[in-house]
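Peer 1: Just so it is clear, I am handing over entry-v3.cif, which has mmCIF, all heavy atoms.
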```cif
data_data
#
loop_
_atom_site.label_atom_id
_atom_site.label_comp_id
_atom_site.auth_asym_id
_atom_site.auth_seq_id
_atom_site.Cartn_x
_atom_site.Cartn_y
_atom_site.Cartn_z
N MET A 183 146.03 133.55 71.37
CA MET A 183 145.62 132.87 70.14
C MET A 183 145.94 131.38 70.22
O MET A 183 147.04 130.99 70.60
CB MET A 183 146.35 133.51 68.95
CG MET A 183 145.86 132.99 67.61
SD MET A 183 146.61 133.94 66.26
CE MET A 183 146.04 132.98 64.87
N GLU A 184 145.00 130.60 69.85
CA GLU A 184 145.15 129.15 69.93
C GLU A 184 146.15 128.64 68.90
O GLU A 184 146.17 129.10 67.76
CB GLU A 184 143.78 128.52 69.66
CG GLU A 184 143.77 127.01 69.78
CD GLU A 184 142.38 126.45 69.52
OE1 GLU A 184 141.41 127.21 69.65
OE2 GLU A 184 142.28 125.28 69.18
N ALA A 185 146.99 127.71 69.30
CA ALA A 185 147.95 127.13 68.38
C ALA A 185 147.24 126.14 67.47
O ALA A 185 146.70 125.14 67.93
CB ALA A 185 149.06 126.43 69.15
N LYS A 186 147.26 126.43 66.20
CA LYS A 186 146.56 125.55 65.26
C LYS A 186 147.52 124.54 64.65
O LYS A 186 148.69 124.81 64.45
CB LYS A 186 145.93 126.38 64.14
CG LYS A 186 144.76 127.21 64.62
CD LYS A 186 144.11 127.94 63.47
CE LYS A 186 142.91 128.73 63.96
NZ LYS A 186 142.24 129.45 62.86
N LYS A 187 146.95 123.39 64.36
CA LYS A 187 147.73 122.34 63.72
C LYS A 187 147.02 121.86 62.46
O LYS A 187 145.79 121.81 62.41
CB LYS A 187 147.93 121.16 64.69
CG LYS A 187 148.85 121.51 65.85
CD LYS A 187 149.11 120.30 66.71
CE LYS A 187 150.07 120.65 67.83
NZ LYS A 187 150.33 119.50 68.71
N SER A 188 147.82 121.47 61.50
CA SER A 188 147.27 120.97 60.25
C SER A 188 146.37 119.76 60.48
O SER A 188 146.72 118.84 61.22
CB SER A 188 148.41 120.58 59.32
OG SER A 188 147.94 119.73 58.29
N THR A 189 145.21 119.78 59.85
CA THR A 189 144.30 118.64 59.96
C THR A 189 144.90 117.40 59.34
O THR A 189 144.73 116.30 59.84
CB THR A 189 142.98 118.98 59.24
OG1 THR A 189 142.42 120.15 59.85
CG2 THR A 189 141.98 117.83 59.35
N ALA A 190 145.65 117.57 58.26
CA ALA A 190 146.18 116.42 57.53
C ALA A 190 147.42 115.82 58.19
O ALA A 190 147.55 114.60 58.26
CB ALA A 190 146.51 116.83 56.09
N THR A 191 148.31 116.67 58.68
CA THR A 191 149.60 116.16 59.14
C THR A 191 149.91 116.46 60.59
O THR A 191 150.86 115.92 61.15
CB THR A 191 150.74 116.75 58.28
OG1 THR A 191 150.75 118.18 58.46
CG2 THR A 191 150.54 116.45 56.81
N GLY A 192 149.14 117.34 61.22
CA GLY A 192 149.42 117.70 62.61
C GLY A 192 150.53 118.71 62.77
O GLY A 192 150.93 119.02 63.88
N THR A 193 151.02 119.22 61.66
CA THR A 193 152.08 120.22 61.70
C THR A 193 151.54 121.54 62.22
O THR A 193 150.47 121.98 61.83
CB THR A 193 152.65 120.43 60.28
OG1 THR A 193 153.11 119.19 59.77
CG2 THR A 193 153.78 121.44 60.30
N SER A 194 152.30 122.17 63.12
CA SER A 194 151.90 123.47 63.62
C SER A 194 151.90 124.50 62.49
O SER A 194 152.80 124.51 61.67
CB SER A 194 152.85 123.94 64.71
OG SER A 194 152.58 125.28 65.06
N VAL A 195 150.89 125.35 62.47
CA VAL A 195 150.84 126.38 61.44
C VAL A 195 151.03 127.78 62.04
O VAL A 195 150.74 128.78 61.41
CB VAL A 195 149.51 126.32 60.65
CG1 VAL A 195 149.39 125.00 59.92
CG2 VAL A 195 148.32 126.56 61.55
N VAL A 196 151.55 127.81 63.27
CA VAL A 196 151.71 129.08 63.96
C VAL A 196 152.56 130.06 63.16
O VAL A 196 152.26 131.24 63.08
CB VAL A 196 152.34 128.85 65.36
CG1 VAL A 196 152.71 130.19 65.99
CG2 VAL A 196 151.36 128.11 66.25
N ASN A 197 153.63 129.57 62.57
CA ASN A 197 154.53 130.45 61.83
C ASN A 197 154.33 130.35 60.32
O ASN A 197 155.16 130.80 59.54
CB ASN A 197 155.98 130.13 62.18
CG ASN A 197 156.27 130.45 63.64
OD1 ASN A 197 155.87 131.49 64.13
ND2 ASN A 197 156.94 129.55 64.32
N ASP A 198 153.22 129.75 59.91
CA ASP A 198 152.95 129.57 58.48
C ASP A 198 151.93 130.62 58.04
O ASP A 198 150.73 130.46 58.24
CB ASP A 198 152.42 128.17 58.23
CG ASP A 198 152.31 127.85 56.74
OD1 ASP A 198 152.27 128.80 55.93
OD2 ASP A 198 152.25 126.65 56.41
N LYS A 199 152.42 131.69 57.46
CA LYS A 199 151.52 132.78 57.06
C LYS A 199 150.64 132.40 55.88
O LYS A 199 149.66 133.08 55.59
CB LYS A 199 152.34 134.04 56.72
CG LYS A 199 152.92 134.71 57.93
CD LYS A 199 153.60 136.03 57.56
CE LYS A 199 153.97 136.83 58.80
NZ LYS A 199 154.89 136.12 59.69
N GLY A 200 151.00 131.32 55.19
CA GLY A 200 150.20 130.90 54.05
C GLY A 200 149.16 129.85 54.42
O GLY A 200 148.46 129.35 53.56
N SER A 201 149.08 129.55 55.71
CA SER A 201 148.12 128.53 56.13
C SER A 201 146.70 129.08 56.10
O SER A 201 146.48 130.28 56.16
CB SER A 201 148.45 128.04 57.54
OG SER A 201 148.22 129.08 58.47
N VAL A 202 145.75 128.16 56.00
CA VAL A 202 144.35 128.56 55.98
C VAL A 202 143.56 127.65 56.91
O VAL A 202 143.94 126.51 57.18
CB VAL A 202 143.74 128.45 54.56
CG1 VAL A 202 144.38 129.46 53.63
CG2 VAL A 202 143.86 127.05 54.02
N SER A 203 142.47 128.18 57.43
CA SER A 203 141.54 127.36 58.21
C SER A 203 140.13 127.74 57.80
O SER A 203 139.85 128.90 57.53
CB SER A 203 141.75 127.56 59.71
OG SER A 203 141.50 128.91 60.07
N PHE A 204 139.29 126.73 57.75
CA PHE A 204 137.92 126.96 57.28
C PHE A 204 137.03 125.86 57.81
O PHE A 204 137.51 124.77 58.14
CB PHE A 204 137.89 126.98 55.74
CG PHE A 204 138.53 125.77 55.10
CD1 PHE A 204 137.78 124.65 54.79
CD2 PHE A 204 139.90 125.76 54.84
CE1 PHE A 204 138.37 123.54 54.21
CE2 PHE A 204 140.50 124.64 54.26
CZ PHE A 204 139.73 123.54 53.94
N PRO A 205 135.73 126.10 57.89
CA PRO A 205 134.81 125.05 58.34
C PRO A 205 134.76 123.93 57.32
O PRO A 205 134.90 124.17 56.12
CB PRO A 205 133.46 125.75 58.44
CG PRO A 205 133.74 127.20 58.39
CD PRO A 205 135.03 127.37 57.62
N CYS A 206 134.56 122.71 57.80
CA CYS A 206 134.42 121.58 56.89
C CYS A 206 133.33 121.87 55.87
O CYS A 206 132.22 122.26 56.23
CB CYS A 206 134.05 120.33 57.70
SG CYS A 206 133.59 118.93 56.66
N PRO A 207 133.64 121.71 54.57
CA PRO A 207 132.64 122.00 53.53
C PRO A 207 131.47 121.02 53.53
O PRO A 207 130.43 121.30 52.93
CB PRO A 207 133.44 121.90 52.22
CG PRO A 207 134.64 121.10 52.56
CD PRO A 207 134.93 121.34 54.01
N ALA A 208 131.61 119.91 54.22
CA ALA A 208 130.53 118.92 54.24
C ALA A 208 129.61 119.12 55.44
O ALA A 208 128.40 119.25 55.30
CB ALA A 208 131.11 117.51 54.23
N CYS A 209 130.19 119.14 56.65
CA CYS A 209 129.35 119.23 57.85
C CYS A 209 129.36 120.62 58.48
O CYS A 209 128.45 120.97 59.21
CB CYS A 209 129.78 118.19 58.89
SG CYS A 209 131.40 118.49 59.62
N GLY A 210 130.40 121.41 58.19
CA GLY A 210 130.45 122.77 58.71
C GLY A 210 130.73 122.85 60.20
O GLY A 210 130.70 123.94 60.76
N GLU A 211 131.01 121.74 60.82
CA GLU A 211 131.20 121.72 62.27
C GLU A 211 132.67 121.70 62.68
O GLU A 211 133.07 122.36 63.62
CB GLU A 211 130.49 120.51 62.88
CG GLU A 211 128.98 120.62 62.76
CD GLU A 211 128.30 119.45 63.44
OE1 GLU A 211 128.94 118.78 64.27
OE2 GLU A 211 127.13 119.20 63.12
N ALA A 212 133.47 120.93 61.95
CA ALA A 212 134.88 120.84 62.28
C ALA A 212 135.66 121.91 61.52
O ALA A 212 135.29 122.31 60.42
CB ALA A 212 135.41 119.46 61.91
N GLU A 213 136.74 122.38 62.15
CA GLU A 213 137.59 123.34 61.47
C GLU A 213 138.73 122.61 60.79
O GLU A 213 139.46 121.85 61.42
CB GLU A 213 138.15 124.35 62.47
CG GLU A 213 139.01 125.41 61.79
CD GLU A 213 139.60 126.38 62.78
OE1 GLU A 213 140.02 125.95 63.87
OE2 GLU A 213 139.65 127.59 62.46
N ILE A 214 138.87 122.85 59.50
CA ILE A 214 139.94 122.25 58.72
C ILE A 214 141.10 123.23 58.66
O ILE A 214 140.90 124.41 58.37
CB ILE A 214 139.48 121.92 57.29
CG1 ILE A 214 138.20 121.07 57.31
CG2 ILE A 214 140.60 121.23 56.51
CD1 ILE A 214 138.35 119.72 57.96
N VAL A 215 142.31 122.75 58.95
CA VAL A 215 143.50 123.60 58.90
C VAL A 215 144.48 123.02 57.88
O VAL A 215 144.77 121.83 57.90
CB VAL A 215 144.19 123.70 60.28
CG1 VAL A 215 145.41 124.61 60.20
CG2 VAL A 215 143.20 124.20 61.32
N ARG A 216 144.96 123.88 57.00
CA ARG A 216 145.92 123.43 55.99
C ARG A 216 147.10 124.37 55.95
O ARG A 216 146.95 125.58 56.03
CB ARG A 216 145.27 123.39 54.60
CG ARG A 216 144.03 122.56 54.52
CD ARG A 216 143.56 122.42 53.10
NE ARG A 216 144.33 121.40 52.41
CZ ARG A 216 144.46 121.32 51.10
NH1 ARG A 216 143.90 122.20 50.34
NH2 ARG A 216 145.18 120.34 50.56
N THR A 217 148.28 123.81 55.78
CA THR A 217 149.48 124.64 55.67
C THR A 217 149.63 125.09 54.21
O THR A 217 148.99 124.56 53.31
CB THR A 217 150.75 123.85 56.06
OG1 THR A 217 150.97 122.83 55.08
CG2 THR A 217 150.60 123.22 57.44
N LYS A 218 150.51 126.07 54.03
CA LYS A 218 150.75 126.57 52.69
C LYS A 218 151.26 125.46 51.77
O LYS A 218 150.80 125.31 50.65
CB LYS A 218 151.77 127.71 52.75
CG LYS A 218 152.06 128.34 51.41
CD LYS A 218 153.08 129.46 51.57
CE LYS A 218 153.35 130.14 50.23
NZ LYS A 218 154.37 131.20 50.37
N SER A 219 152.21 124.65 52.29
CA SER A 219 152.79 123.61 51.44
C SER A 219 151.76 122.53 51.13
O SER A 219 151.76 121.94 50.05
CB SER A 219 154.02 123.00 52.11
OG SER A 219 153.68 122.31 53.28
N GLU A 220 150.85 122.28 52.08
CA GLU A 220 149.82 121.27 51.81
C GLU A 220 148.88 121.74 50.70
O GLU A 220 148.41 120.94 49.89
CB GLU A 220 149.02 120.97 53.09
CG GLU A 220 149.81 120.12 54.07
CD GLU A 220 149.17 120.06 55.43
OE1 GLU A 220 147.99 120.46 55.56
OE2 GLU A 220 149.84 119.64 56.36
N ARG A 221 148.60 123.02 50.69
CA ARG A 221 147.77 123.56 49.61
C ARG A 221 148.50 123.46 48.28
O ARG A 221 147.92 123.10 47.26
CB ARG A 221 147.38 125.01 49.91
CG ARG A 221 146.36 125.11 51.02
CD ARG A 221 145.74 126.51 51.07
NE ARG A 221 146.73 127.52 51.43
CZ ARG A 221 146.92 128.66 50.77
NH1 ARG A 221 146.19 128.94 49.73
NH2 ARG A 221 147.81 129.53 51.17
N GLN A 222 149.79 123.80 48.29
CA GLN A 222 150.56 123.77 47.05
C GLN A 222 150.70 122.36 46.53
O GLN A 222 150.74 122.12 45.32
CB GLN A 222 151.95 124.39 47.30
CG GLN A 222 151.88 125.90 47.52
CD GLN A 222 153.24 126.48 47.90
OE1 GLN A 222 154.09 125.80 48.44
NE2 GLN A 222 153.42 127.76 47.63
N ASN A 223 150.79 121.39 47.45
CA ASN A 223 150.99 120.00 47.05
C ASN A 223 149.68 119.23 47.00
O ASN A 223 149.66 118.02 46.79
CB ASN A 223 151.95 119.32 48.03
CG ASN A 223 153.35 119.91 47.95
OD1 ASN A 223 153.88 120.09 46.87
ND2 ASN A 223 153.92 120.25 49.08
N VAL A 224 148.55 119.92 47.24
CA VAL A 224 147.22 119.33 47.21
C VAL A 224 147.17 118.09 48.11
O VAL A 224 146.69 117.03 47.72
CB VAL A 224 146.79 118.97 45.76
CG1 VAL A 224 145.26 118.82 45.69
CG2 VAL A 224 147.23 120.04 44.78
N VAL A 225 147.69 118.24 49.32
CA VAL A 225 147.63 117.16 50.31
C VAL A 225 146.19 117.03 50.80
O VAL A 225 145.54 118.01 51.15
CB VAL A 225 148.56 117.46 51.49
CG1 VAL A 225 148.41 116.40 52.58
CG2 VAL A 225 150.01 117.52 51.02
N LYS A 226 145.70 115.82 50.82
CA LYS A 226 144.31 115.61 51.23
C LYS A 226 144.13 115.70 52.74
O LYS A 226 145.02 115.34 53.50
CB LYS A 226 143.82 114.24 50.73
CG LYS A 226 143.63 114.19 49.23
CD LYS A 226 142.89 112.93 48.83
CE LYS A 226 142.60 112.96 47.32
NZ LYS A 226 141.79 111.81 46.90
N TYR A 227 142.97 116.15 53.14
CA TYR A 227 142.62 116.21 54.55
C TYR A 227 141.35 115.39 54.77
O TYR A 227 140.57 115.17 53.84
CB TYR A 227 142.40 117.66 55.01
CG TYR A 227 141.29 118.38 54.26
CD1 TYR A 227 139.96 118.23 54.65
CD2 TYR A 227 141.58 119.19 53.17
CE1 TYR A 227 138.95 118.88 53.97
CE2 TYR A 227 140.58 119.84 52.49
CZ TYR A 227 139.26 119.69 52.89
OH TYR A 227 138.27 120.32 52.21
N THR A 228 141.16 114.95 55.99
CA THR A 228 139.94 114.23 56.34
C THR A 228 139.29 114.92 57.52
O THR A 228 139.93 115.15 58.54
CB THR A 228 140.26 112.77 56.70
OG1 THR A 228 140.89 112.14 55.59
CG2 THR A 228 138.98 112.02 57.05
N CYS A 229 138.02 115.24 57.39
CA CYS A 229 137.29 115.88 58.48
C CYS A 229 137.20 114.93 59.68
O CYS A 229 136.78 113.78 59.51
CB CYS A 229 135.88 116.26 58.02
SG CYS A 229 134.85 116.87 59.38
N PRO A 230 137.62 115.38 60.86
CA PRO A 230 137.58 114.51 62.04
C PRO A 230 136.16 114.23 62.51
O PRO A 230 135.95 113.29 63.29
CB PRO A 230 138.36 115.30 63.09
CG PRO A 230 138.25 116.73 62.65
CD PRO A 230 138.19 116.70 61.15
N LYS A 231 135.20 114.97 62.06
CA LYS A 231 133.82 114.76 62.52
C LYS A 231 133.01 113.89 61.58
O LYS A 231 132.31 112.97 62.00
CB LYS A 231 133.13 116.11 62.71
CG LYS A 231 133.66 116.88 63.91
CD LYS A 231 132.56 117.72 64.53
CE LYS A 231 133.06 118.30 65.85
NZ LYS A 231 132.02 119.08 66.54
N CYS A 232 133.06 114.22 60.26
CA CYS A 232 132.19 113.49 59.35
C CYS A 232 132.94 112.59 58.39
O CYS A 232 132.34 111.82 57.67
CB CYS A 232 131.30 114.47 58.57
SG CYS A 232 132.19 115.44 57.34
N GLY A 233 134.28 112.71 58.36
CA GLY A 233 135.07 111.85 57.50
C GLY A 233 135.19 112.33 56.08
O GLY A 233 135.74 111.63 55.23
N PHE A 234 134.68 113.54 55.81
CA PHE A 234 134.81 114.10 54.46
C PHE A 234 136.28 114.23 54.08
O PHE A 234 137.10 114.67 54.89
CB PHE A 234 134.13 115.47 54.42
CG PHE A 234 134.34 116.21 53.14
CD1 PHE A 234 133.54 115.94 52.03
CD2 PHE A 234 135.32 117.18 53.02
CE1 PHE A 234 133.73 116.62 50.83
CE2 PHE A 234 135.52 117.87 51.84
CZ PHE A 234 134.72 117.59 50.73
N THR A 235 136.63 113.85 52.87
CA THR A 235 137.99 113.97 52.39
C THR A 235 138.05 114.99 51.27
O THR A 235 137.25 114.96 50.34
CB THR A 235 138.50 112.62 51.86
OG1 THR A 235 138.43 111.67 52.92
CG2 THR A 235 139.95 112.73 51.42
N GLY A 236 138.99 115.92 51.38
CA GLY A 236 139.11 116.94 50.35
C GLY A 236 140.55 117.33 50.16
O GLY A 236 141.41 116.83 50.87
N PRO A 237 140.90 118.20 49.27
CA PRO A 237 139.96 118.82 48.34
C PRO A 237 139.64 117.90 47.17
O PRO A 237 140.44 117.04 46.83
CB PRO A 237 140.73 120.05 47.84
CG PRO A 237 142.16 119.61 47.89
CD PRO A 237 142.26 118.69 49.09
N ASN A 238 138.49 118.06 46.61
CA ASN A 238 138.11 117.25 45.45
C ASN A 238 138.02 118.13 44.20
O ASN A 238 137.65 119.26 44.30
CB ASN A 238 136.75 116.58 45.67
CG ASN A 238 136.86 115.51 46.73
OD1 ASN A 238 137.85 114.78 46.80
ND2 ASN A 238 135.86 115.42 47.58
ZN ZN A 301 132.95 117.43 58.30
#
```
Can you dump the structure from the file as structure tokens?

Peer 2:
Amino acid sequence: MEAKKSTATGTSVVNDKGSVSFPCPACGEAEIVRTKSERQNVVKYTCPKCGFTGPN
């Protein structure tokens, strides 16, 4: 299994059971990874491909 890192902070989410990953809602090409704490704190992410910033 590939080691995933948070899109926003680069933090490893290997041991974060509350982390999520999903396709970019704008371009659908890049995979966005968020940790549990980032979701709870509504930390923004930026798509590395299209520059979309979320969540909005
Ligand atoms: Zn995108």

Peer 1: Check the DSSP output for the backbone and give back, as a PyMOL selection string, the residues of chain A in strand (DSSP E).

Peer 2: chain A and resi 202-205+213-216+227-228+235-236

Peer 1: Dump as a ChimeraX atom specification all residues having an atom at most 6 Å from (133.5, 118.8, 58.2), computed in the file's coordinates with all atoms listed in the file.

Peer 2: /A:205-212,214,229-232,234

Peer 1: If you run DSSP on the backbone here, which positions in chain A get helix (DSSP H, G or I)? Please write them as a list in words.

Peer 2: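 Assigned to helix (DSSP H, G or I), within chain A: Lys218, Ser219, Glu220, Arg221 and Gln222 of chain A.
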
Peer 1: Go ahead and compute the interatomic distance for atom O of A:Ala185 and atom N of A:Ser201, in Å to one decimal.

Peer 2: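 So the two atoms, atom O of A:Ala185 and atom N of A:Ser201, lie 13.2 Å apart.
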
Peer 1: List the neighbours of A:Tyr227 out to 6 Å using only C-alpha atoms; skip same-chain residues closer than 2 positions along the sequence, and give me the result as a list in words.

Peer 2: Ala190, Thr235 and Gly236 of chain A

Peer 1: Do you know which residues are at most 5 Å from A:Lys186 counting all heavy atoms, after dropping those on the same chain fewer than 4 positions away, and could you put them as a PyMOL selection string?

Peer 2: chain A and resi 193-196+203+213+215
